[in-house]
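Enquirer: Sharing query-v1.txt below, compact mmCIF, C-alpha atoms and all ligand atoms:
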# COMPACT_ATOMS: atom_id res chain seq x y z
CA MET D 21 99.29 50.02 194.83
CA SER D 22 102.36 49.72 192.59
CA SER D 23 102.75 46.80 190.23
CA ARG D 24 102.93 43.49 192.05
CA ILE D 25 104.66 40.34 190.82
CA ALA D 26 102.27 37.41 190.64
CA VAL D 27 102.43 33.75 189.66
CA VAL D 28 99.26 31.86 188.74
CA THR D 29 99.53 28.12 188.13
CA GLY D 30 97.31 26.30 185.63
CA ALA D 31 96.52 29.61 183.97
CA ASN D 32 96.23 28.79 180.27
CA ARG D 33 92.45 28.40 180.58
CA GLY D 34 89.54 28.51 182.98
CA ILE D 35 89.63 30.37 186.27
CA GLY D 36 93.43 30.66 186.23
CA LEU D 37 93.44 32.57 182.94
CA GLU D 38 90.75 34.92 184.21
CA ILE D 39 92.75 35.53 187.42
CA VAL D 40 95.70 36.50 185.21
CA ARG D 41 93.51 38.83 183.18
CA GLN D 42 92.10 40.55 186.27
CA LEU D 43 95.54 40.94 187.87
CA ALA D 44 97.03 42.34 184.65
CA ALA D 45 94.04 44.64 184.22
CA ALA D 46 94.87 46.02 187.68
CA GLY D 47 98.43 46.72 186.50
CA ASP D 48 100.21 43.74 188.04
CA THR D 49 103.00 41.79 186.34
CA VAL D 50 101.79 38.22 186.00
CA LEU D 51 103.63 35.01 185.20
CA LEU D 52 101.01 32.85 183.47
CA GLY D 53 101.90 29.27 184.37
CA SER D 54 101.05 26.59 181.85
CA ARG D 55 102.30 23.01 181.68
CA ASP D 56 102.22 23.34 177.89
CA LEU D 57 104.16 26.49 177.05
CA THR D 58 102.49 26.84 173.64
CA LYS D 59 99.05 26.88 175.25
CA GLY D 60 100.27 29.48 177.72
CA GLN D 61 101.67 31.64 174.95
CA THR D 62 98.41 31.40 173.02
CA ALA D 63 96.39 32.35 176.09
CA ALA D 64 98.69 35.29 176.85
CA ALA D 65 98.47 36.43 173.23
CA HIS D 66 94.68 36.49 173.45
CA LEU D 67 94.92 38.71 176.50
CA THR D 68 97.42 41.12 175.02
CA ALA D 69 96.50 40.96 171.30
CA ALA D 70 94.86 44.34 171.03
CA ALA D 71 96.40 46.21 173.96
CA PRO D 72 96.81 49.90 173.19
CA ARG D 73 99.87 50.83 171.16
CA GLY D 74 101.09 53.99 169.46
CA ASP D 75 99.10 57.19 169.09
CA ALA D 76 95.83 57.30 170.89
CA ALA D 77 93.27 60.05 170.93
CA ARG D 78 91.57 60.30 174.30
CA SER D 79 88.08 61.47 173.49
CA PRO D 80 85.42 60.66 176.04
CA GLY D 81 81.93 61.43 174.91
CA ALA D 82 82.66 62.01 171.26
CA PRO D 83 79.57 61.36 169.12
CA GLN D 84 81.48 60.11 166.09
CA LEU D 85 85.09 59.09 165.52
CA GLY D 86 87.03 57.80 162.53
CA GLY D 87 90.33 56.08 163.30
CA GLY D 88 92.54 56.54 166.32
CA ALA D 89 91.74 55.23 169.74
CA ILE D 90 88.94 56.14 172.09
CA ARG D 91 88.45 55.62 175.78
CA GLY D 92 85.02 56.74 176.77
CA GLU D 93 81.68 56.83 175.01
CA ALA D 94 80.90 57.31 171.38
CA THR D 95 77.82 56.80 169.26
CA HIS D 96 79.81 55.71 166.21
CA VAL D 97 83.42 54.55 165.89
CA GLU D 98 85.22 53.47 162.71
CA GLY D 99 88.71 51.98 162.87
CA GLY D 100 91.17 52.35 165.70
CA ALA D 101 90.55 50.97 169.13
CA THR D 102 87.88 51.83 171.63
CA TRP D 103 87.53 51.27 175.37
CA GLY D 104 84.18 52.08 176.84
CA GLU D 105 80.74 52.15 175.35
CA ALA D 106 79.74 52.69 171.78
CA PRO D 107 76.48 51.78 170.09
CA HIS D 108 78.16 51.20 166.73
CA ILE D 109 81.74 50.16 166.00
CA GLU D 110 83.31 49.17 162.70
CA GLY D 111 86.74 47.61 162.45
CA ALA D 112 89.61 47.55 164.90
CA ALA D 113 89.27 46.49 168.52
CA THR D 114 86.85 47.37 171.26
CA TRP D 115 86.76 46.74 174.99
CA GLY D 116 83.58 47.46 176.82
CA GLU D 117 80.02 47.47 175.65
CA ALA D 118 78.73 47.98 172.18
CA THR D 119 75.37 47.44 170.56
CA HIS D 120 76.90 46.76 167.15
CA VAL D 121 80.42 45.70 166.18
CA GLU D 122 81.64 44.88 162.68
CA GLY D 123 85.07 43.35 162.10
CA GLY D 124 88.04 43.63 164.41
CA ALA D 125 88.12 42.19 167.87
CA MET D 126 85.74 42.70 170.73
CA TRP D 127 86.22 42.22 174.47
CA GLY D 128 83.19 42.80 176.58
CA GLU D 129 79.52 42.73 175.82
CA ALA D 130 77.90 43.34 172.52
CA THR D 131 74.40 42.81 171.27
CA HIS D 132 75.58 42.24 167.71
CA VAL D 133 79.01 41.27 166.40
CA GLU D 134 79.91 40.51 162.80
CA GLY D 135 83.32 39.15 161.85
CA GLY D 136 86.49 39.40 163.86
CA ALA D 137 86.84 37.85 167.26
CA THR D 138 84.92 38.43 170.43
CA TRP D 139 85.83 37.68 174.03
CA GLY D 140 83.02 38.14 176.47
CA GLU D 141 79.33 38.04 175.90
CA ALA D 142 77.56 38.73 172.67
CA ALA D 143 73.84 38.43 172.13
CA ARG D 144 74.36 37.79 168.44
CA PRO D 145 77.89 37.09 167.23
CA HIS D 146 78.07 36.38 163.51
CA GLY D 147 81.05 34.59 161.99
CA ALA D 148 84.61 34.52 163.29
CA ALA D 149 85.51 33.26 166.72
CA THR D 150 83.81 33.96 170.00
CA ARG D 151 85.18 33.22 173.42
CA GLY D 152 82.53 33.82 175.98
CA GLY D 153 78.85 33.38 176.46
CA ALA D 154 77.05 33.80 173.18
CA ALA D 155 73.28 33.79 173.15
CA GLN D 156 73.18 33.09 169.44
CA PRO D 157 76.50 32.26 167.79
CA ASP D 158 76.38 31.96 164.00
CA GLY D 159 79.46 30.14 162.74
CA GLY D 160 82.95 30.37 164.14
CA ALA D 161 84.21 28.76 167.29
CA THR D 162 83.37 29.13 170.94
CA ASP D 163 85.64 28.20 173.81
CA PHE D 164 86.32 29.94 177.10
CA ARG D 165 84.05 32.45 178.81
CA GLY D 166 83.98 35.90 180.10
CA SER D 167 87.38 37.51 179.55
CA VAL D 168 86.66 41.19 179.38
CA GLY D 169 89.15 44.03 179.04
CA PRO D 170 92.76 44.48 177.96
CA PRO D 171 95.68 44.01 180.32
CA GLN D 172 97.51 47.06 181.65
CA GLY D 173 100.28 45.06 183.35
CA GLU D 174 102.65 42.59 181.73
CA VAL D 175 101.73 38.95 181.18
CA HIS D 176 104.62 36.48 180.83
CA PRO D 177 103.76 32.90 179.88
CA ILE D 178 106.02 30.35 181.58
CA GLU D 179 106.31 26.60 181.33
CA LEU D 180 105.13 25.29 184.66
CA ASP D 181 103.96 21.75 185.19
CA VAL D 182 103.46 21.94 188.93
CA ALA D 183 104.15 18.21 189.19
CA ASN D 184 107.61 18.71 187.70
CA PRO D 185 110.24 19.71 190.31
CA ALA D 186 112.54 21.09 187.60
CA HIS D 187 109.82 23.53 186.50
CA ALA D 188 109.31 24.77 190.05
CA GLU D 189 113.05 25.36 190.39
CA ALA D 190 113.21 27.13 187.02
CA LEU D 191 110.33 29.37 188.10
CA ALA D 192 112.25 30.39 191.20
CA ARG D 193 115.35 31.17 189.10
CA THR D 194 113.29 33.27 186.67
CA LEU D 195 111.73 35.24 189.51
CA GLU D 196 115.12 35.76 191.10
CA SER D 197 116.80 37.00 187.95
CA ARG D 198 113.96 39.13 186.56
CA PHE D 199 112.20 40.53 189.60
CA GLY D 200 114.11 39.59 192.75
CA ARG D 201 110.90 38.83 194.60
CA LEU D 202 107.37 37.43 194.41
CA ASP D 203 104.30 39.13 195.88
CA ILE D 204 101.45 36.78 194.98
CA LEU D 205 101.30 33.02 194.48
CA VAL D 206 97.98 31.56 193.32
CA ASN D 207 98.06 27.75 193.48
CA ASN D 208 95.24 27.22 191.00
CA ALA D 209 96.20 24.17 188.91
CA ALA D 210 94.10 21.09 189.58
CA ILE D 211 92.90 17.90 187.89
CA HIS D 212 90.55 14.96 188.27
CA TYR D 213 87.14 16.10 189.46
CA ASP D 214 86.36 12.38 189.59
CA THR D 215 82.61 12.42 190.09
CA TRP D 216 82.46 9.06 188.32
CA GLN D 217 83.92 7.13 191.25
CA SER D 218 83.35 6.51 194.96
CA ALA D 219 85.86 6.32 197.79
CA SER D 220 85.44 2.58 198.34
CA GLY D 221 86.05 1.67 194.73
CA ALA D 222 88.40 4.47 193.72
CA ASP D 223 91.15 3.86 191.20
CA LEU D 224 94.16 4.75 193.31
CA ASP D 225 96.18 5.67 190.24
CA VAL D 226 93.69 8.50 189.68
CA VAL D 227 94.04 9.46 193.33
CA ARG D 228 97.85 9.49 193.04
CA GLU D 229 97.68 11.66 189.93
CA ALA D 230 95.32 14.07 191.63
CA PHE D 231 97.67 14.35 194.59
CA GLU D 232 100.71 14.91 192.34
CA THR D 233 99.12 18.07 190.93
CA ASN D 234 96.55 19.28 193.46
CA VAL D 235 98.64 18.78 196.61
CA LEU D 236 102.28 17.99 195.92
CA GLY D 237 102.33 20.38 192.94
CA ALA D 238 101.13 23.31 195.03
CA TRP D 239 103.47 22.20 197.82
CA GLN D 240 106.63 22.09 195.73
CA VAL D 241 105.90 25.31 193.82
CA THR D 242 105.32 27.06 197.14
CA GLN D 243 108.52 25.67 198.63
CA ALA D 244 110.48 26.75 195.57
CA VAL D 245 109.28 30.36 195.61
CA LEU D 246 109.12 30.87 199.36
CA PRO D 247 112.48 32.73 199.53
CA LEU D 248 111.13 35.14 196.88
CA LEU D 249 107.84 35.62 198.75
CA ARG D 250 109.75 36.42 201.92
CA ARG D 251 111.27 39.41 200.09
CA SER D 252 107.84 40.88 199.34
CA GLU D 253 106.40 43.65 201.50
CA HIS D 254 102.87 42.24 201.08
CA PRO D 255 103.17 38.51 200.34
CA ARG D 256 100.07 36.43 199.65
CA ILE D 257 99.54 32.73 198.99
CA VAL D 258 96.10 31.71 197.78
CA ASN D 259 95.31 28.04 197.47
CA VAL D 260 92.40 27.59 195.09
CA SER D 261 90.40 24.93 196.88
CA SER D 262 86.78 23.83 196.71
CA GLU D 263 83.87 23.36 199.04
CA ALA D 264 84.06 19.78 197.75
CA GLY D 265 87.02 19.57 200.12
CA SER D 266 84.98 20.69 203.12
CA LEU D 267 84.72 17.89 205.70
CA ALA D 268 81.56 19.53 206.99
CA SER D 269 79.69 18.89 203.75
CA MET D 270 81.74 16.05 202.24
CA GLY D 271 79.84 13.87 199.79
CA PRO D 272 80.61 10.28 198.79
CA TRP D 273 81.71 11.18 195.24
CA ALA D 274 84.90 12.55 193.65
CA PRO D 275 87.23 10.93 196.20
CA ALA D 276 90.53 11.84 194.51
CA TYR D 277 89.52 15.45 194.10
CA ASN D 278 87.83 15.86 197.49
CA VAL D 279 90.63 14.31 199.54
CA SER D 280 93.24 16.28 197.60
CA LYS D 281 91.43 19.55 198.41
CA VAL D 282 91.20 18.53 202.10
CA SER D 283 94.97 18.10 202.02
CA LEU D 284 95.48 21.43 200.27
CA ASN D 285 93.37 23.04 202.98
CA ALA D 286 95.59 21.41 205.61
CA LEU D 287 98.61 23.04 203.97
CA THR D 288 96.81 26.38 204.14
CA VAL D 289 96.39 26.02 207.90
CA MET D 290 99.95 24.84 208.47
CA TRP D 291 101.58 27.50 206.27
CA ALA D 292 99.48 30.25 207.83
CA LYS D 293 100.69 29.25 211.28
CA GLU D 294 104.30 28.82 210.21
CA LEU D 295 104.86 31.62 207.71
CA ARG D 296 104.35 34.74 209.77
CA GLY D 297 104.01 37.82 207.61
CA ILE D 298 102.58 35.91 204.65
CA LEU D 299 98.80 35.79 204.37
CA VAL D 300 97.81 32.25 203.35
CA ASN D 301 94.21 31.35 202.60
CA SER D 302 92.13 28.74 200.82
CA VAL D 303 89.45 30.01 198.48
CA CYS D 304 86.56 28.23 196.79
CA PRO D 305 85.66 29.98 193.54
CA GLY D 306 82.14 28.56 193.62
CA TRP D 307 80.67 26.48 190.83
CA VAL D 308 82.16 28.01 187.71
CA ALA D 309 81.46 27.27 184.04
CA THR D 310 84.87 25.93 182.95
CA ASP D 311 86.04 22.68 181.44
CA MET D 312 86.20 21.29 184.98
CA GLY D 313 82.96 22.84 186.24
CA GLY D 314 80.95 22.15 183.08
CA PRO D 315 78.03 24.21 181.81
CA GLY D 316 75.64 25.94 184.19
CA GLY D 317 78.15 27.37 186.65
CA ARG D 318 78.72 31.06 187.16
CA PRO D 319 81.01 33.08 184.85
CA VAL D 320 84.78 32.79 185.27
CA ARG D 321 85.05 36.45 186.17
CA GLU D 322 82.99 35.80 189.32
CA GLY D 323 85.00 32.70 190.26
CA ALA D 324 88.24 34.59 189.71
CA ALA D 325 86.96 37.54 191.73
CA SER D 326 86.36 35.19 194.67
CA VAL D 327 90.04 34.19 194.49
CA LEU D 328 91.26 37.76 194.03
CA TRP D 329 89.53 38.79 197.22
CA ALA D 330 92.22 36.81 199.10
CA VAL D 331 94.98 38.16 196.85
CA ASN D 332 93.98 41.74 197.59
CA LEU D 333 93.61 41.45 201.36
CA PRO D 334 95.18 44.25 203.39
CA ASP D 335 98.21 43.38 205.52
CA ASP D 336 96.02 43.06 208.62
CA GLY D 337 93.63 40.76 206.76
CA PRO D 338 92.85 37.19 207.80
CA THR D 339 95.20 34.25 207.32
CA GLY D 340 94.65 30.51 207.60
CA GLY D 341 91.01 30.67 206.53
CA PHE D 342 88.69 29.11 203.95
CA TYR D 343 86.55 31.55 201.97
CA ARG D 344 84.20 31.98 199.06
CA ASP D 345 83.32 35.48 197.84
CA GLY D 346 84.99 36.92 200.93
CA HIS D 347 82.85 34.91 203.36
CA PRO D 348 84.19 32.09 205.56
CA ILE D 349 83.03 28.57 204.72
CA PRO D 350 83.37 25.54 207.01
CA TRP D 351 86.46 23.31 206.76
N1 LIG U 1 85.19 25.10 187.96
C1 LIG U 1 84.63 24.93 189.14
O1 LIG U 1 83.39 24.84 189.27
C2 LIG U 1 85.49 24.85 190.38
C3 LIG U 1 84.84 24.73 191.63
C4 LIG U 1 85.62 24.69 192.78
C5 LIG U 1 87.00 24.77 192.68
N2 LIG U 1 87.60 24.87 191.45
C6 LIG U 1 89.06 24.96 191.43
O2 LIG U 1 89.44 26.08 190.63
C7 LIG U 1 90.73 25.82 190.04
C8 LIG U 1 90.65 26.08 188.55
O3 LIG U 1 89.64 25.22 188.02
P1 LIG U 1 89.07 25.37 186.54
O4 LIG U 1 87.62 25.12 186.64
O5 LIG U 1 89.57 26.59 185.89
O6 LIG U 1 89.74 24.07 185.87
P2 LIG U 1 90.10 23.76 184.34
O7 LIG U 1 89.26 24.57 183.44
O8 LIG U 1 90.05 22.27 184.24
O9 LIG U 1 91.62 24.26 184.23
C9 LIG U 1 92.60 23.59 184.98
C10 LIG U 1 93.93 24.21 184.66
O10 LIG U 1 94.91 23.52 185.43
C11 LIG U 1 95.96 23.13 184.54
N3 LIG U 1 96.70 21.99 185.04
C12 LIG U 1 96.30 20.73 185.24
N4 LIG U 1 97.32 19.97 185.70
C13 LIG U 1 98.40 20.79 185.75
C14 LIG U 1 99.74 20.61 186.12
N5 LIG U 1 100.23 19.42 186.53
N6 LIG U 1 100.58 21.67 186.08
C15 LIG U 1 100.13 22.87 185.69
N7 LIG U 1 98.87 23.11 185.29
C16 LIG U 1 98.02 22.06 185.33
C17 LIG U 1 95.26 22.86 183.23
O11 LIG U 1 96.21 22.85 182.17
P3 LIG U 1 95.96 22.02 180.79
O12 LIG U 1 95.19 22.92 179.88
O13 LIG U 1 97.34 21.72 180.31
O14 LIG U 1 95.19 20.78 181.15
C18 LIG U 1 94.32 24.06 183.18
O15 LIG U 1 95.02 25.22 182.78
C19 LIG U 1 91.09 24.39 190.41
O16 LIG U 1 91.93 24.39 191.54
C20 LIG U 1 89.74 23.77 190.77
O17 LIG U 1 89.87 22.68 191.65
C21 LIG U 1 86.87 24.92 190.30
Any chance you could give the structure as structure tokens?
Expert:
Amino acid sequence: MSSRIAVVTGANRGIGLEIVRQLAAAGDTVLLGSRDLTKGQTAAAHLTAAAPRGDAARSPGAPQLGGGAIRGEATHVEGGATWGEAPHIEGAATWGEATHVEGGAMWGEATHVEGGATWGEAARPHGAATRGGAAQPDGGATDFRGSVGPPQGEVHPIELDVANPAHAEALARTLESRFGRLDILVNNAAIHYDTWQSASGADLDVVREAFETNVLGAWQVTQAVLPLLRRSEHPRIVNVSSEAGSLASMGPWAPAYNVSKVSLNALTVMWAKELRGILVNSVCPGWVATDMGGPGGRPVREGAASVLWAVNLPDDGPTGGFYRDGHPIPW
């Protein structure tokens, strides 16, 4: 499939950022929406920091390389950039799996990393910064999890507070002037997983705030870009919902969040029936280890993959449904 134009809201961290990474890795052009543009630019820079540039030697299966770039497998790599698997890497940047990495930047899985930065999972990162699951971090900083692999498509950070009508309108103007269409809208941004309160005693200001972002935000961004989606040959709207918004299994907690996701699901049903030719679905990413989900959930790449299943549906795929990992879940 040729490069698609995608917008992901709330994409400076968490599941949204990983959706951007996976779309870009597939070659799509992605507008990374962030209500704080600086945060969005930082997130996009992390994704694109060590993307391949300049001369690259394509050398699968080389036992030892010094400098240049490698895509494939190598037993020893010094300098340059490597994609693939290598048991020992010194300097530069690597994507893939490595048993030992010194310096440079690492995306993927490594049993031992010293210095530089690592995104992904490392059994023993030493020093520098790690973003991902680290079994034994020594020093440095740890924040988000599981981003693996460089983008192939373009990533454009944009200022997009979904609760701000002016931002939604500016997004539509940007899409119109730069691309003339939109293929994929992922309404991902959400706030207030208010497990601390019950429905009977809920602070309605919290509920209003949740609705401003989780429902009205998705609603107004969708309205703003609808003319651009109608110009796509394969338009998709994916509303990132939650099983917490399933009436069939509704609990007594998190009233602002739960009721907002019920409402988002209602929009999914209504848009699917109204917007013929656009596939519109709600997706639950599952319990995911993000700032919202907390520790213990599954990796962001799995949550994002659940969402991308609905993005990548064929034209005769389902619309107006509620899914997790490609399987229907009850409303
Ligand atoms: N994590 C889970 O276990 C789980 C389970 C089920 C469903 N979900 C759903 O998955 C989606 C992503 O969740 P997550 O876990 O990645 O959450 P997260 O880590 O809390 O990230 C939320 C993102 O939304 C952004 N955001 C909040 N309000 C916004 C606004 N008004 N405009 C634009 N962006 C805004 C945040 O930006 P800032 O950085 O500026 O705050 C952040 O980038 C949400 O729809 C959530 O309901 C998550």
Enquirer: I want to know what sits within 9 Å of Leu43 in chain D, based on all atoms listed in the file, with residues of the same chain fewer than 6 positions away left out; could you give that as a list in words?
Expert: Arg24, Ala26, Thr49, Val50, Pro171, Gln172, Gly173 and Leu328 of chain D
Enquirer: Taking all atoms listed in the file into account, name the residue in D:Gly30, D:Gly53, D:Gly265, D:Gly237 that is nearest to Asn285 in chain D.
Expert: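 Looking only at the distances to Asn285 in chain D, the closest residue turns out to be D:Gly265.
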Enquirer: Ligand LIG 1 (chain U): which residues are within 6 Å, counting all atoms listed in the file, as a JSON list (two decimals) with C-alpha atoms, in the frame of the given file?
Expert:
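Produced file part.json, reproduced below:
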[["chain", "number", "residue", "atom", "x", "y", "z"],
["D", 29, "THR", "CA", 99.53, 28.12, 188.13],
["D", 30, "GLY", "CA", 97.31, 26.30, 185.63],
["D", 31, "ALA", "CA", 96.52, 29.61, 183.97],
["D", 32, "ASN", "CA", 96.23, 28.79, 180.27],
["D", 33, "ARG", "CA", 92.45, 28.40, 180.58],
["D", 34, "GLY", "CA", 89.54, 28.51, 182.98],
["D", 35, "ILE", "CA", 89.63, 30.37, 186.27],
["D", 36, "GLY", "CA", 93.43, 30.66, 186.23],
["D", 54, "SER", "CA", 101.05, 26.59, 181.85],
["D", 55, "ARG", "CA", 102.30, 23.01, 181.68],
["D", 56, "ASP", "CA", 102.22, 23.34, 177.89],
["D", 180, "LEU", "CA", 105.13, 25.29, 184.66],
["D", 181, "ASP", "CA", 103.96, 21.75, 185.19],
["D", 182, "VAL", "CA", 103.46, 21.94, 188.93],
["D", 183, "ALA", "CA", 104.15, 18.21, 189.19],
["D", 208, "ASN", "CA", 95.24, 27.22, 191.00],
["D", 209, "ALA", "CA", 96.20, 24.17, 188.91],
["D", 210, "ALA", "CA", 94.10, 21.09, 189.58],
["D", 211, "ILE", "CA", 92.90, 17.90, 187.89],
["D", 233, "THR", "CA", 99.12, 18.07, 190.93],
["D", 260, "VAL", "CA", 92.40, 27.59, 195.09],
["D", 261, "SER", "CA", 90.40, 24.93, 196.88],
["D", 262, "SER", "CA", 86.78, 23.83, 196.71],
["D", 304, "CYS", "CA", 86.56, 28.23, 196.79],
["D", 305, "PRO", "CA", 85.66, 29.98, 193.54],
["D", 306, "GLY", "CA", 82.14, 28.56, 193.62],
["D", 307, "TRP", "CA", 80.67, 26.48, 190.83],
["D", 308, "VAL", "CA", 82.16, 28.01, 187.71],
["D", 309, "ALA", "CA", 81.46, 27.27, 184.04],
["D", 310, "THR", "CA", 84.87, 25.93, 182.95],
["D", 311, "ASP", "CA", 86.04, 22.68, 181.44],
["D", 312, "MET", "CA", 86.20, 21.29, 184.98],
["D", 313, "GLY", "CA", 82.96, 22.84, 186.24]]
Enquirer: Calculate, to one decimal in Å, the centre and edge lengths of the box along x, y and z of the file that holds all listed atoms of range 234-243 of chain D with 4 Å of margin on each side, and present them as JSON.
Expert:
{"center_x": 102.5, "center_y": 22.5, "center_z": 195.8, "size_x": 20.0, "size_y": 17.1, "size_z": 13.7}
Enquirer: Give me the residues near range 217-221 of chain D as a list in words, where near means some atom within 12 Å (using all atoms listed in the file) and where sequence neighbours in that chain fewer than 6 positions away do not count.
Expert: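 The residues satisfying every condition are Val227, Met270, Gly271, Pro272, Trp273, Ala274, Pro275, Ala276, Tyr277, Asn278 and Val279 of chain D.
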Enquirer: Would you work out the distance separating CA of Ala65 in chain D from CA of Gln42 in chain D, expressed in Å to one decimal?
Expert: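 We find that CA of Ala65 in chain D and CA of Gln42 in chain D lie 15.1 Å from each other.
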Enquirer: Using all atoms listed in the file, pick whichever of D:Asn259, D:Leu246, D:Asp48, D:Ile39 has the shortest atom-to-atom distance to Ala188 in chain D.
Expert: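 The closest residue to Ala188 in chain D is D:Leu246.
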Enquirer: Using all atoms listed in the file, which of D:Glu294, D:Glu189, D:Asp345, D:Glu229 sits nearest Asp214 in chain D?
Expert: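 Once distances to Asp214 in chain D are computed over all atoms listed in the file, the minimum belongs to D:Glu229.
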Enquirer: Up to 7 Å from (101.1, 36.1, 186.5) in the file's coordinates: name the residues, counting all atoms listed in the file, as a ChimeraX atom specification.
Expert: /D:26-28,40,49-52,175-176
Enquirer: Just give me the gap between CA of Pro255 in chain D and CA of Pro348 in chain D in Å, one decimal is fine.
Expert: 20.7 Å
Enquirer: Enter the distance from CA of Arg228 in chain D to CA of His212 in chain D, in Å, rounded to one decimal.
Expert: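 CA of His212 in chain D lies 10.3 Å from CA of Arg228 in chain D.
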Enquirer: Which is closest to Leu248 in chain D among D:Gly200, D:Pro319, D:Pro177, D:Gly346, if we use all atoms listed in the file?
Expert: D:Gly200
Enquirer: Looking at all atoms listed in the file, which of D:His347, D:Arg296, D:Arg41, D:His187 is the one that sits closest to Leu57 in chain D?
Expert: D:His187
Enquirer: Any idea what's packed within 12 Å of Glu196 in chain D, counting all atoms listed in the file, ignoring anything in its chain fewer than 6 positions away? Could you give it as a list in words?
Expert: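 Surrounding residues, per the criterion: Ile25, Glu189, Ala190, Leu202, Ala244, Val245, Leu246, Pro247, Leu248, Leu249 and Arg251 of chain D.
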